[in-house]
file structure.cif (mmCIF, C-alpha atoms)
data_start
#
loop_
_atom_site.label_atom_id
_atom_site.label_comp_id
_atom_site.auth_asym_id
_atom_site.auth_seq_id
_atom_site.Cartn_x
_atom_site.Cartn_y
_atom_site.Cartn_z
CA MET O 22 -7.51 14.32 8.34
CA ARG O 23 -8.44 17.94 8.53
CA LEU O 24 -11.74 18.85 10.03
CA SER O 25 -12.83 20.78 6.97
CA GLU O 26 -12.11 17.83 4.71
CA PHE O 27 -14.02 15.52 7.02
CA GLU O 28 -17.04 17.81 7.03
CA ARG O 29 -17.03 17.83 3.26
CA LEU O 30 -16.99 14.03 3.16
CA VAL O 31 -19.80 13.79 5.68
CA TYR O 32 -22.13 15.98 3.67
CA ARG O 33 -21.23 14.12 0.52
CA HIS O 34 -21.74 10.55 1.73
CA GLN O 35 -24.00 10.64 4.77
CA ASP O 36 -27.20 9.86 2.82
CA ARG O 37 -25.65 6.86 1.18
CA VAL O 38 -24.31 5.51 4.43
CA TYR O 39 -27.63 6.01 6.16
CA GLY O 40 -29.67 4.64 3.27
CA PHE O 41 -27.55 1.52 3.02
CA ALA O 42 -27.71 0.94 6.76
CA LEU O 43 -31.45 1.47 6.80
CA ARG O 44 -32.07 -1.01 4.03
CA LEU O 45 -29.88 -3.60 5.67
CA LEU O 46 -31.21 -3.14 9.18
CA GLY O 47 -34.79 -2.05 8.59
CA ARG O 48 -34.81 0.10 11.70
CA ARG O 49 -34.24 3.84 11.70
CA GLU O 50 -32.69 4.02 15.15
CA ASP O 51 -30.24 1.27 14.37
CA ALA O 52 -29.42 2.85 11.04
CA GLN O 53 -28.75 6.18 12.75
CA ASP O 54 -26.44 4.57 15.29
CA VAL O 55 -24.51 2.75 12.60
CA THR O 56 -24.27 5.88 10.48
CA GLN O 57 -22.82 7.85 13.37
CA ASP O 58 -20.35 5.10 14.23
CA VAL O 59 -19.19 4.72 10.65
CA LEU O 60 -18.67 8.43 10.07
CA ILE O 61 -16.75 8.85 13.31
CA ARG O 62 -14.61 5.94 12.30
CA LEU O 63 -13.88 7.79 9.07
CA TRP O 64 -12.82 10.82 11.11
CA ARG O 65 -10.44 8.78 13.25
CA ARG O 66 -8.99 6.66 10.46
CA GLY O 67 -9.40 8.93 7.50
CA ASP O 68 -5.67 9.22 6.93
CA GLU O 69 -5.55 5.50 6.22
CA VAL O 70 -8.15 5.72 3.45
CA ASP O 71 -7.26 6.60 -0.09
CA ALA O 72 -9.09 9.77 -1.08
CA GLU O 73 -10.46 8.12 -4.22
CA ARG O 74 -11.77 5.09 -2.37
CA VAL O 75 -13.70 6.70 0.43
CA LEU O 76 -17.12 5.56 -0.79
CA PRO O 77 -16.22 1.85 -1.12
CA TRP O 78 -14.56 2.06 2.27
CA LEU O 79 -17.64 3.60 3.83
CA MET O 80 -19.94 1.00 2.28
CA ARG O 81 -17.75 -1.83 3.47
CA VAL O 82 -17.55 -0.53 7.01
CA THR O 83 -21.29 0.16 7.02
CA ARG O 84 -22.11 -3.34 5.84
CA ASN O 85 -19.83 -4.92 8.43
CA ALA O 86 -21.37 -2.82 11.18
CA CYS O 87 -24.86 -3.79 10.04
CA ILE O 88 -23.98 -7.47 9.96
CA ASP O 89 -22.69 -7.22 13.52
CA ARG O 90 -25.93 -5.55 14.57
CA LEU O 91 -28.04 -8.18 12.86
CA ARG O 92 -26.11 -10.98 14.55
CA ARG O 93 -26.60 -9.37 17.93
CA ARG O 94 -30.25 -8.95 17.13
CA GLN O 95 -30.60 -12.59 16.20
CA ARG O 96 -28.90 -13.64 19.42
CA GLY O 97 -31.48 -11.59 21.28
CA ILE O 98 -29.02 -9.20 22.78
CA GLU O 99 -30.98 -6.34 21.41
CA THR O 100 -34.59 -6.42 22.59
CA ALA O 101 -37.10 -4.84 20.25
CA THR O 102 -38.24 -2.34 22.86
CA ASP O 103 -39.84 -0.08 20.35
CA GLY O 104 -41.00 -3.07 18.35
CA LEU O 105 -41.73 -0.91 15.39
CA GLU O 106 -39.94 -1.73 12.22
CA LEU O 107 -40.34 0.72 9.44
CA ASP O 108 -39.33 0.36 5.87
CA ALA O 109 -37.73 3.13 3.92
CA ALA O 110 -41.13 4.49 2.96
CA GLY O 111 -42.21 4.66 6.58
CA HIS O 112 -44.58 1.71 6.44
CA ASP O 113 -44.83 -0.63 9.36
CA ARG O 114 -43.18 -3.81 8.24
CA THR O 115 -44.81 -5.91 10.93
CA ALA O 116 -48.26 -4.94 9.78
CA HIS O 117 -48.48 -7.48 7.06
CA ASP O 118 -49.27 -11.13 6.84
CA GLY O 119 -49.17 -13.69 4.13
CA ALA O 120 -52.66 -12.96 2.95
CA GLY O 121 -52.00 -9.29 2.54
CA GLU O 122 -48.93 -10.01 0.61
CA THR O 123 -50.66 -12.52 -1.61
CA ALA O 124 -53.56 -10.23 -2.29
CA SER O 125 -51.64 -7.21 -3.41
CA ALA O 126 -48.11 -8.25 -4.37
CA VAL O 127 -48.50 -7.56 -8.07
CA GLU O 128 -50.63 -4.46 -7.49
CA ARG O 129 -47.96 -2.93 -5.27
CA LEU O 130 -45.52 -3.10 -8.09
CA GLU O 131 -47.91 -1.07 -10.17
CA ARG O 132 -48.42 1.60 -7.54
CA ALA O 133 -46.26 3.82 -5.39
CA ASP O 134 -46.02 0.98 -2.87
CA ASP O 135 -43.75 -0.85 -5.25
CA GLN O 136 -40.88 0.39 -3.17
CA ALA O 137 -42.38 -1.03 -0.01
CA TRP O 138 -42.66 -4.45 -1.58
CA ILE O 139 -39.13 -4.24 -2.89
CA GLU O 140 -37.84 -3.22 0.54
CA ARG O 141 -39.58 -6.18 2.09
CA ALA O 142 -38.37 -8.51 -0.63
CA LEU O 143 -34.84 -7.31 -0.10
CA ASP O 144 -35.09 -8.30 3.54
CA GLY O 145 -35.52 -11.86 2.46
CA LEU O 146 -32.66 -11.82 0.02
CA ALA O 147 -29.55 -13.64 1.18
CA GLU O 148 -26.17 -12.01 1.44
CA PRO O 149 -24.12 -11.04 -0.43
CA TYR O 150 -26.81 -10.65 -3.09
CA ARG O 151 -28.76 -8.18 -1.01
CA SER O 152 -25.78 -5.89 -0.48
CA VAL O 153 -24.68 -5.87 -4.10
CA VAL O 154 -28.21 -5.23 -5.35
CA ILE O 155 -28.65 -2.34 -2.94
CA LEU O 156 -25.28 -0.83 -3.78
CA ARG O 157 -25.89 -1.07 -7.51
CA GLU O 158 -29.58 -0.42 -7.91
CA MET O 159 -30.21 1.96 -5.04
CA GLN O 160 -26.87 3.52 -4.22
CA GLU O 161 -25.99 3.72 -7.93
CA MET O 162 -22.42 2.74 -7.33
CA LYS O 163 -20.17 1.63 -10.15
CA TYR O 164 -19.22 -2.00 -10.54
CA GLU O 165 -15.62 -1.19 -9.63
CA GLU O 166 -16.68 0.62 -6.47
CA ILE O 167 -18.88 -2.28 -5.44
CA ALA O 168 -16.05 -4.71 -6.10
CA ALA O 169 -13.80 -2.66 -3.83
CA ALA O 170 -16.44 -2.33 -1.14
CA MET O 171 -17.32 -6.00 -1.15
CA ASP O 172 -13.80 -7.21 -1.81
CA MET O 173 -15.02 -9.20 -4.82
CA PRO O 174 -13.80 -9.63 -8.35
CA LEU O 175 -15.55 -7.43 -10.86
CA ASN O 176 -17.16 -10.28 -12.77
CA THR O 177 -18.48 -11.76 -9.56
CA VAL O 178 -20.17 -8.47 -8.74
CA LYS O 179 -22.00 -8.44 -12.05
CA VAL O 180 -23.06 -12.05 -11.69
CA TYR O 181 -24.30 -11.53 -8.14
CA ILE O 182 -26.29 -8.43 -9.07
CA HIS O 183 -28.12 -10.26 -11.83
CA ARG O 184 -28.62 -13.29 -9.66
CA GLY O 185 -29.99 -11.19 -6.80
CA ARG O 186 -32.50 -9.45 -9.05
CA LYS O 187 -33.45 -12.78 -10.52
CA MET O 188 -34.21 -14.04 -7.03
CA LEU O 189 -36.44 -11.01 -6.44
CA ARG O 190 -38.14 -11.64 -9.75
CA GLU O 191 -38.71 -15.29 -8.89
CA ARG O 192 -40.18 -14.33 -5.54
CA LEU O 193 -42.51 -11.92 -7.24
CA MET O 194 -43.37 -14.62 -9.74
CA GLU O 195 -44.31 -17.01 -6.92
CA VAL O 196 -46.59 -14.42 -5.41
CA SER O 197 -48.07 -13.70 -8.76
CA GLU O 198 -48.69 -17.39 -9.45
CA ARG O 199 -50.42 -17.79 -6.09
CA GLU O 200 -52.67 -14.91 -6.93
CA ARG O 201 -53.69 -16.45 -10.18
CA VAL O 202 -54.59 -19.67 -8.47
CA MET P 23 -43.11 -27.41 -23.64
CA SER P 24 -40.58 -29.31 -25.64
CA GLU P 25 -37.20 -30.12 -24.31
CA PHE P 26 -35.71 -27.61 -26.70
CA ASP P 27 -38.04 -24.99 -25.36
CA ARG P 28 -37.15 -25.87 -21.78
CA ASP P 29 -33.49 -25.53 -22.52
CA GLU P 30 -34.07 -22.30 -24.35
CA MET P 31 -36.20 -20.99 -21.50
CA ALA P 32 -33.43 -21.77 -19.03
CA TRP P 33 -30.91 -20.01 -21.25
CA VAL P 34 -33.13 -16.95 -21.65
CA ASP P 35 -34.12 -16.88 -18.00
CA GLU P 36 -30.51 -16.58 -16.93
CA ARG P 37 -30.06 -13.54 -19.12
CA LEU P 38 -33.19 -11.49 -18.55
CA GLU P 39 -31.57 -9.14 -15.99
CA ALA P 40 -28.58 -8.60 -18.28
CA TYR P 41 -31.01 -7.91 -21.11
CA VAL P 42 -32.79 -5.30 -18.98
CA ASP P 43 -29.41 -3.67 -18.29
CA GLY P 44 -28.44 -3.72 -21.95
CA GLU P 45 -25.40 -5.85 -21.30
CA LEU P 46 -26.02 -8.66 -23.80
CA SER P 47 -24.24 -8.96 -27.11
CA PRO P 48 -26.33 -8.23 -30.21
CA GLU P 49 -26.58 -11.93 -30.94
CA GLU P 50 -27.71 -12.77 -27.41
CA ARG P 51 -30.20 -9.93 -27.44
CA ARG P 52 -31.77 -11.18 -30.65
CA ARG P 53 -32.02 -14.68 -29.25
CA VAL P 54 -33.81 -13.46 -26.11
CA GLU P 55 -36.21 -11.30 -28.10
CA ALA P 56 -36.94 -14.14 -30.49
CA PHE P 57 -37.89 -16.50 -27.70
CA VAL P 58 -39.87 -13.93 -25.76
CA ARG P 59 -41.95 -13.23 -28.84
CA VAL P 60 -43.10 -16.82 -29.07
CA ASP P 61 -43.23 -17.86 -25.42
CA GLU P 62 -45.78 -16.20 -23.14
CA ALA P 63 -44.13 -17.35 -19.92
CA ALA P 64 -40.82 -15.88 -21.02
CA ALA P 65 -42.55 -12.65 -21.89
CA ARG P 66 -44.10 -12.54 -18.43
CA ARG P 67 -40.75 -13.09 -16.80
CA LEU P 68 -39.19 -10.32 -18.82
CA GLN P 69 -41.95 -7.99 -17.75
CA LEU P 70 -41.34 -8.80 -14.09
CA ALA P 71 -37.63 -8.28 -14.57
CA PHE P 72 -38.32 -4.78 -15.85
CA ARG P 73 -40.60 -4.07 -12.91
CA VAL P 74 -38.12 -5.26 -10.31
CA SER P 75 -35.41 -3.15 -11.87
CA GLY P 76 -37.67 -0.14 -12.04
CA ALA P 77 -38.80 -0.51 -8.44
CA LEU P 78 -35.27 -0.81 -7.20
CA ARG P 79 -34.00 2.18 -9.11
CA SER P 80 -36.88 4.44 -8.33
CA ALA P 81 -36.74 3.87 -4.61
CA ASP P 82 -36.47 7.15 -2.78
CA PRO P 83 -33.08 7.40 -1.17
CA PRO P 84 -33.60 8.09 2.52
CA ALA P 85 -31.94 11.22 3.80
CA CYS P 86 -29.69 11.11 6.80
CA PRO P 87 -31.43 12.84 9.69
CA PRO P 88 -29.86 16.22 10.50
CA GLU P 89 -29.40 15.30 14.14
CA VAL P 90 -27.08 12.46 13.11
CA THR P 91 -24.96 14.85 11.04
CA GLU P 92 -24.76 17.36 13.86
CA ALA P 93 -23.78 14.69 16.37
CA VAL P 94 -21.03 13.40 14.12
CA LEU P 95 -19.57 16.83 13.42
CA ALA P 96 -19.79 17.88 17.07
CA GLN P 97 -17.87 14.80 18.13
CA ALA P 98 -15.23 15.32 15.47
CA ARG P 99 -14.74 18.96 16.52
CA ARG P 100 -14.52 17.93 20.13
CA GLU P 101 -11.88 15.30 19.36
CA ALA P 102 -9.99 17.76 17.18
CA ARG P 103 -9.81 20.27 20.03
CA GLU P 104 -8.81 17.52 22.44
CA GLY P 105 -6.11 16.38 20.07
CA VAL P 106 -4.61 19.86 19.98
CA ARG P 107 -4.70 20.10 23.78
CA GLN P 108 -2.99 16.74 24.09
CA ASN P 109 -0.25 17.85 21.72
CA ILE P 110 0.37 20.98 23.77
CA ARG P 111 0.53 18.98 26.98
CA ALA P 112 2.83 16.43 25.43
CA ARG P 113 5.19 19.09 24.18
CA ALA P 114 5.29 20.63 27.62
CA ARG P 115 6.09 17.29 29.24
CA ASN P 116 8.55 16.01 26.72
CA PRO P 117 9.43 18.55 24.11
CA LEU P 118 11.94 16.34 22.35
CA GLU P 119 9.53 13.46 21.98
CA ALA P 120 6.78 15.79 20.87
CA MET P 121 8.99 17.33 18.28
CA ARG P 122 10.00 13.94 17.03
CA ARG P 123 6.40 12.91 16.65
CA LEU P 124 5.58 16.17 15.03
CA ALA P 125 8.43 15.76 12.61
CA ALA P 126 7.37 12.21 11.84
CA GLY P 127 4.01 13.45 10.73
CA PHE P 128 5.32 16.44 8.90
CA PRO P 129 5.83 15.85 5.20
CA ALA P 130 9.01 17.92 5.01
CA ALA P 131 10.57 15.91 7.81
CA ARG P 132 10.57 12.91 5.56
CA LEU P 133 13.17 14.72 3.54
CA VAL P 134 15.35 15.46 6.55
CA ARG P 135 16.37 11.90 7.26
CA PRO P 136 17.41 11.16 3.71
CA SER P 137 19.28 14.43 3.63
CA ILE P 138 21.13 13.57 6.79
CA ALA P 139 21.87 10.13 5.49
CA ALA P 140 23.08 11.58 2.23
CA ALA P 141 25.33 14.01 4.08
CA VAL P 142 26.80 11.22 6.16
CA LEU P 143 27.32 9.11 3.11
CA ALA P 144 28.98 11.97 1.31
CA ALA P 145 31.30 12.49 4.26
CA LEU P 146 32.18 8.82 4.21
CA VAL P 147 32.84 8.95 0.52
CA VAL P 148 35.09 11.96 0.94
CA ALA P 149 36.91 10.30 3.81
CA ALA P 150 37.34 7.13 1.84
CA ALA P 151 38.58 9.11 -1.09
CA LEU P 152 41.06 10.90 1.10
CA LEU P 153 42.20 7.71 2.73
CA GLY P 154 42.31 5.84 -0.49
CA ARG P 155 44.18 8.40 -2.46
CA ARG P 156 47.66 7.51 -3.32
CA PRO P 157 49.96 9.56 -1.24
CA ALA P 158 52.10 12.02 -3.05
CA ASP P 159 55.58 10.82 -3.46
CA PRO P 160 57.44 12.50 -0.73
CA ALA P 161 60.08 15.02 -1.43
CA PRO P 162 63.58 13.73 -1.13
CA GLY P 163 63.92 15.25 2.23
CA ALA P 164 60.57 14.25 3.56
CA SER P 165 60.56 11.98 6.53
CA ALA P 166 58.67 8.84 5.74
CA PRO P 167 60.12 6.09 7.78
CA ALA P 168 58.01 3.31 6.29
CA VAL P 169 58.84 4.37 2.81
CA ALA P 170 62.45 4.90 3.65
CA GLU P 171 62.55 1.38 4.90
CA VAL P 172 61.62 0.15 1.48
CA ARG P 173 64.07 2.18 -0.46
CA PRO P 174 67.16 0.39 0.68
CA GLU P 175 65.61 -2.93 -0.28
CA VAL P 176 64.87 -1.78 -3.74
CA GLN P 177 68.25 -0.41 -4.18
CA GLY P 178 69.91 -3.55 -3.05
CA SER P 179 71.21 -6.14 -5.50
CA PRO P 180 68.92 -8.92 -6.42
CA SER P 181 71.23 -11.37 -4.79
CA ASP P 182 70.79 -9.71 -1.48
CA GLU P 183 68.29 -11.36 0.67
CA PRO P 184 65.64 -8.82 1.26
CA THR P 185 65.19 -7.98 4.81
CA GLY P 186 61.54 -8.64 4.27
CA PRO P 187 59.86 -9.41 7.46
CA SER P 188 62.59 -8.26 9.70
CA GLY P 189 62.68 -4.89 8.09
CA PHE P 190 58.96 -4.60 8.12
CA THR P 191 58.75 -5.90 11.58
CA GLU P 192 60.57 -2.85 12.73
CA ALA P 193 58.56 -0.63 10.62
CA GLY P 194 55.27 -2.39 11.07
CA PRO P 195 54.74 -2.39 14.76
CA SER P 196 56.38 0.88 15.26
CA THR P 197 54.80 2.76 12.45
CA ALA P 198 52.00 3.74 14.68
CA ASP P 199 54.43 5.52 16.89
CA GLN P 200 56.49 7.10 14.24
CA ALA P 201 55.70 10.51 13.09
CA GLY P 202 55.28 10.85 9.44
CA PRO P 203 53.00 12.38 6.93
CA SER P 204 49.58 10.78 6.96
CA ILE P 205 47.75 9.85 3.80
CA ALA P 206 45.42 12.75 4.36
CA ASP P 207 48.36 15.08 4.67
CA GLN P 208 49.85 13.64 1.57
CA ALA P 209 46.57 14.01 -0.22
CA THR P 210 46.56 17.62 0.82
CA ALA P 211 50.05 17.95 -0.50
CA ASP P 212 48.87 16.37 -3.71
CA ARG P 213 46.35 19.03 -4.16
CA ALA P 214 48.80 21.73 -3.32
CA ALA P 215 51.47 20.44 -5.62
CA PRO P 216 51.24 17.55 -8.00
CA PRO P 217 53.35 14.62 -7.00
CA ASN P 218 56.80 14.85 -8.30
CA VAL P 219 57.73 11.46 -9.50
CA ALA P 220 61.29 12.37 -10.10
CA GLU P 221 61.70 13.44 -6.52
CA ALA P 222 60.30 10.18 -5.29
CA MET P 223 62.52 8.06 -7.39
CA PRO P 224 65.47 6.46 -5.76
CA ASP P 225 68.59 8.45 -5.74
CA GLU P 226 69.97 8.66 -9.20
CA SER P 227 73.37 7.83 -8.03
CA ALA P 228 72.19 4.76 -6.23
CA ARG P 229 70.13 3.83 -9.15
CA SER P 230 72.83 4.13 -11.60
CA SER P 231 75.09 2.05 -9.47
CA SER P 232 72.64 -0.87 -9.33
CA PRO P 233 73.02 -3.49 -11.99
CA VAL P 234 69.40 -4.45 -11.53
CA ALA P 235 68.20 -0.97 -12.15
CA ASP P 236 70.30 -0.84 -15.21
CA ALA P 237 68.76 -4.07 -16.47
CA HIS P 238 65.13 -3.06 -15.95
CA PRO P 239 63.32 -0.06 -17.35
CA PRO P 240 62.76 2.65 -14.84
CA ASP P 241 58.99 2.54 -15.30
CA GLU P 242 58.69 -0.88 -13.83
CA VAL P 243 60.84 0.03 -10.92
CA GLU P 244 58.92 3.18 -10.42
CA GLN P 245 55.65 1.30 -10.47
CA ALA P 246 56.88 -1.18 -7.93
CA LEU P 247 58.09 1.61 -5.73
CA ARG P 248 54.77 3.32 -5.95
CA GLU P 249 52.86 0.24 -4.96
CA ALA P 250 55.11 -0.42 -2.04
CA LYS P 251 55.08 3.10 -0.80
CA TRP P 252 51.35 3.32 -1.07
CA ALA P 253 50.79 0.14 0.83
CA LEU P 254 53.16 1.07 3.60
CA ALA P 255 51.88 4.60 3.88
CA PHE P 256 48.39 3.25 4.23
CA VAL P 257 49.48 0.87 6.95
CA SER P 258 51.26 3.67 8.73
CA ASP P 259 48.29 5.93 8.58
CA VAL P 260 45.89 3.30 9.80
CA GLY P 261 48.15 2.55 12.69
CA ARG P 262 48.48 6.18 13.61
CA ARG P 263 44.78 6.85 13.39
CA THR P 264 43.75 3.80 15.30
CA GLY P 265 46.63 3.76 17.72
CA ARG P 266 47.07 0.11 17.07
CA SER P 267 49.70 -1.91 15.32
CA ILE P 268 49.13 -4.47 12.69
CA ARG P 269 50.23 -7.92 13.72
CA ARG P 270 53.32 -9.14 12.01
CA GLU P 271 51.72 -12.19 10.47
CA VAL P 272 48.92 -10.06 9.05
CA LEU P 273 51.35 -7.53 7.74
CA GLU P 274 53.41 -10.24 6.13
CA GLU P 275 50.46 -11.86 4.45
CA ARG P 276 48.66 -8.78 3.32
CA VAL P 277 51.41 -6.28 2.68
CA THR P 278 54.91 -7.56 2.87
CA ASP P 279 54.64 -10.64 0.77
CA PRO P 280 52.57 -9.11 -2.02
CA VAL P 281 54.87 -6.14 -2.23
CA GLN P 282 57.86 -8.40 -2.18
CA ARG P 283 56.45 -10.47 -4.99
CA LEU P 284 55.72 -7.37 -6.97
CA LEU P 285 59.22 -6.13 -6.52
CA ASN P 286 60.66 -9.48 -7.39
CA GLU P 287 58.67 -9.66 -10.55
CA ALA P 288 59.67 -6.19 -11.53
CA LEU P 289 63.30 -6.76 -10.85
CA GLY P 290 63.43 -10.36 -11.94
CA ALA P 291 64.88 -11.38 -8.57
CA GLU P 292 64.85 -14.93 -7.39
CA PRO P 293 61.87 -15.59 -5.18
CA THR P 294 62.86 -16.14 -1.58
CA GLY P 295 61.90 -19.24 0.27
#
call {"tool": "encode", "arguments": {"input": "structure.cif", "output": "structure tokens"}}
result
Amino acid sequence: MRLSEFERLVYRHQDRVYGFALRLLGRREDAQDVTQDVLIRLWRRGDEVDAERVLPWLMRVTRNACIDRLRRRQRGIETATDGLELDAAGHDRTAHDGAGETASAVERLERADDQAWIERALDGLAEPYRSVVILREMQEMKYEEIAAAMDMPLNTVKVYIHRGRKMLRERLMEVSERERV
Amino acid sequence: MSEFDRDEMAWVDERLEAYVDGELSPEERRRVEAFVRVDEAAARRLQLAFRVSGALRSADPPACPPEVTEAVLAQARREAREGVRQNIRARARNPLEAMRRLAAGFPAARLVRPSIAAAVLAALVVAAALLGRRPADPAPGASAPAVAEVRPEVQGSPSDEPTGPSGFTEAGPSTADQAGPSIADQATADRAAPPNVAEAMPDESARSSSPVADAHPPDEVEQALREAKWALAFVSDVGRRTGRSIRREVLEERVTDPVQRLLNEALGAEPTG
């Protein structure tokens, strides 16, 4: 791959790669590391990627890299030395407890903090629903691109997206019901 | 809530996200709207579905930090320069190998191999055509020992036992050593001057003196002669080119006997035992 072509692809897709990694990992430093690794991998293996399928390839590689990171994190290999987990809006994720969530879950959806609640809710969403919801709703990828990135049939992608959003809705409903009580 | 309502709620609940996305059929959309109008819980769920969708889609996409971009591009440039240096070093160490690798990655080189293969194939086709061409019938005076060996047999009476193997035995093993026009030479002669069938025909005097020749049309005899001469000339040429002789038993099976049968059929001679 020519250097000029690679530079063009970096500027075109870097925000998506970073945004996807950040939403999956929840940590900026980790997301930056993954973004750098993924883009360098594109540089080294770009000749193997079809020019029209670069985005699905990037999303797939990013997701796999994030899953590896999360597994290492769960095994305790990575120690949370900074300990600060920020969501995409810059809010400290650890600075919340059940009461806070219960008290303002519905209100957050009505204010600019709706995104913060959604980011947190996405953390609790199981894979592959979380990935497909992020790719569709936040990355604005087409169904076909998501199917290629996730290596899923097209119909499965659509079903999983709706199911994932339904799960988020049900979670919000639970919080809302608790507030009413 | 009645059982009907519970079933209807379940049906609607499964389709609220698709309704938000506008992906339901007109009939399904009407059904959802009809139920939502009469069921407060369903209406609440639809409202939450819209909010979740809105929150997801209005999320600010985070921008990749500039330092990440710079680090990536710096590393790529570094590796690109290193790759060029490595190529130069490799060419200096092993220029042939480097050129091969370079050619392998060069789009035009992909055309070179097929072109070479095509050229080789064309050469083989030409060679096969030259080898396979029927030799021009030699001029009366031309020296063609293998062919000359046949002529006496053809001219002989049908009652005469053909020399068959013995005659070919002399010709066969020794054809490699005998000088004579090769098939390629004959092919060249063909191009220079069309084969003269009349010149290749047996001597008119001999022909006219043979009762067999008188009994059979000259075309059949000519055809038989042609086949025999071609086969023997081919054998001679192969032997000369390879420097090897064809074993007698092979020659008998593949050349002598078939030619003999052909001649016998043409001349109506009694098959030999």
call {"tool": "resolve_selection", "arguments": {"input": "structure.cif", "expression": "the PyMOL selection byres ((chain P) within 12 of (chain O))", "output": "PyMOL selection string"}}
result
chain P and resi 34-43+45+63-64+66-103+105+127
call {"tool": "atom_distance", "arguments": {"input": "structure.cif", "atom1": "atom CA of Glu62 of chain P", "atom2": "atom CA of Ser47 of chain P"}}
result
23.1 Å
call {"tool": "atom_distance", "arguments": {"input": "structure.cif", "atom1": "atom CA of Glu274 of chain P", "atom2": "atom CA of Trp252 of chain P"}}
result
15.5 Å
call {"tool": "closest_residue", "arguments": {"input": "structure.cif", "among": "O:Arg96, O:Glu198, O:Tyr164, O:Ala147", "to": "Pro77 of chain O", "atoms": "only C-alpha atoms"}}
result
O:Tyr164
call {"tool": "axis_aligned_box", "arguments": {"input": "structure.cif", "around": "segment 26-35 of chain O", "padding_each_side": "8 Å", "output": "JSON"}}
result
{"center_x": -18.1, "center_y": 14.2, "center_z": 3.8, "size_x": 27.9, "size_y": 23.3, "size_z": 22.5}
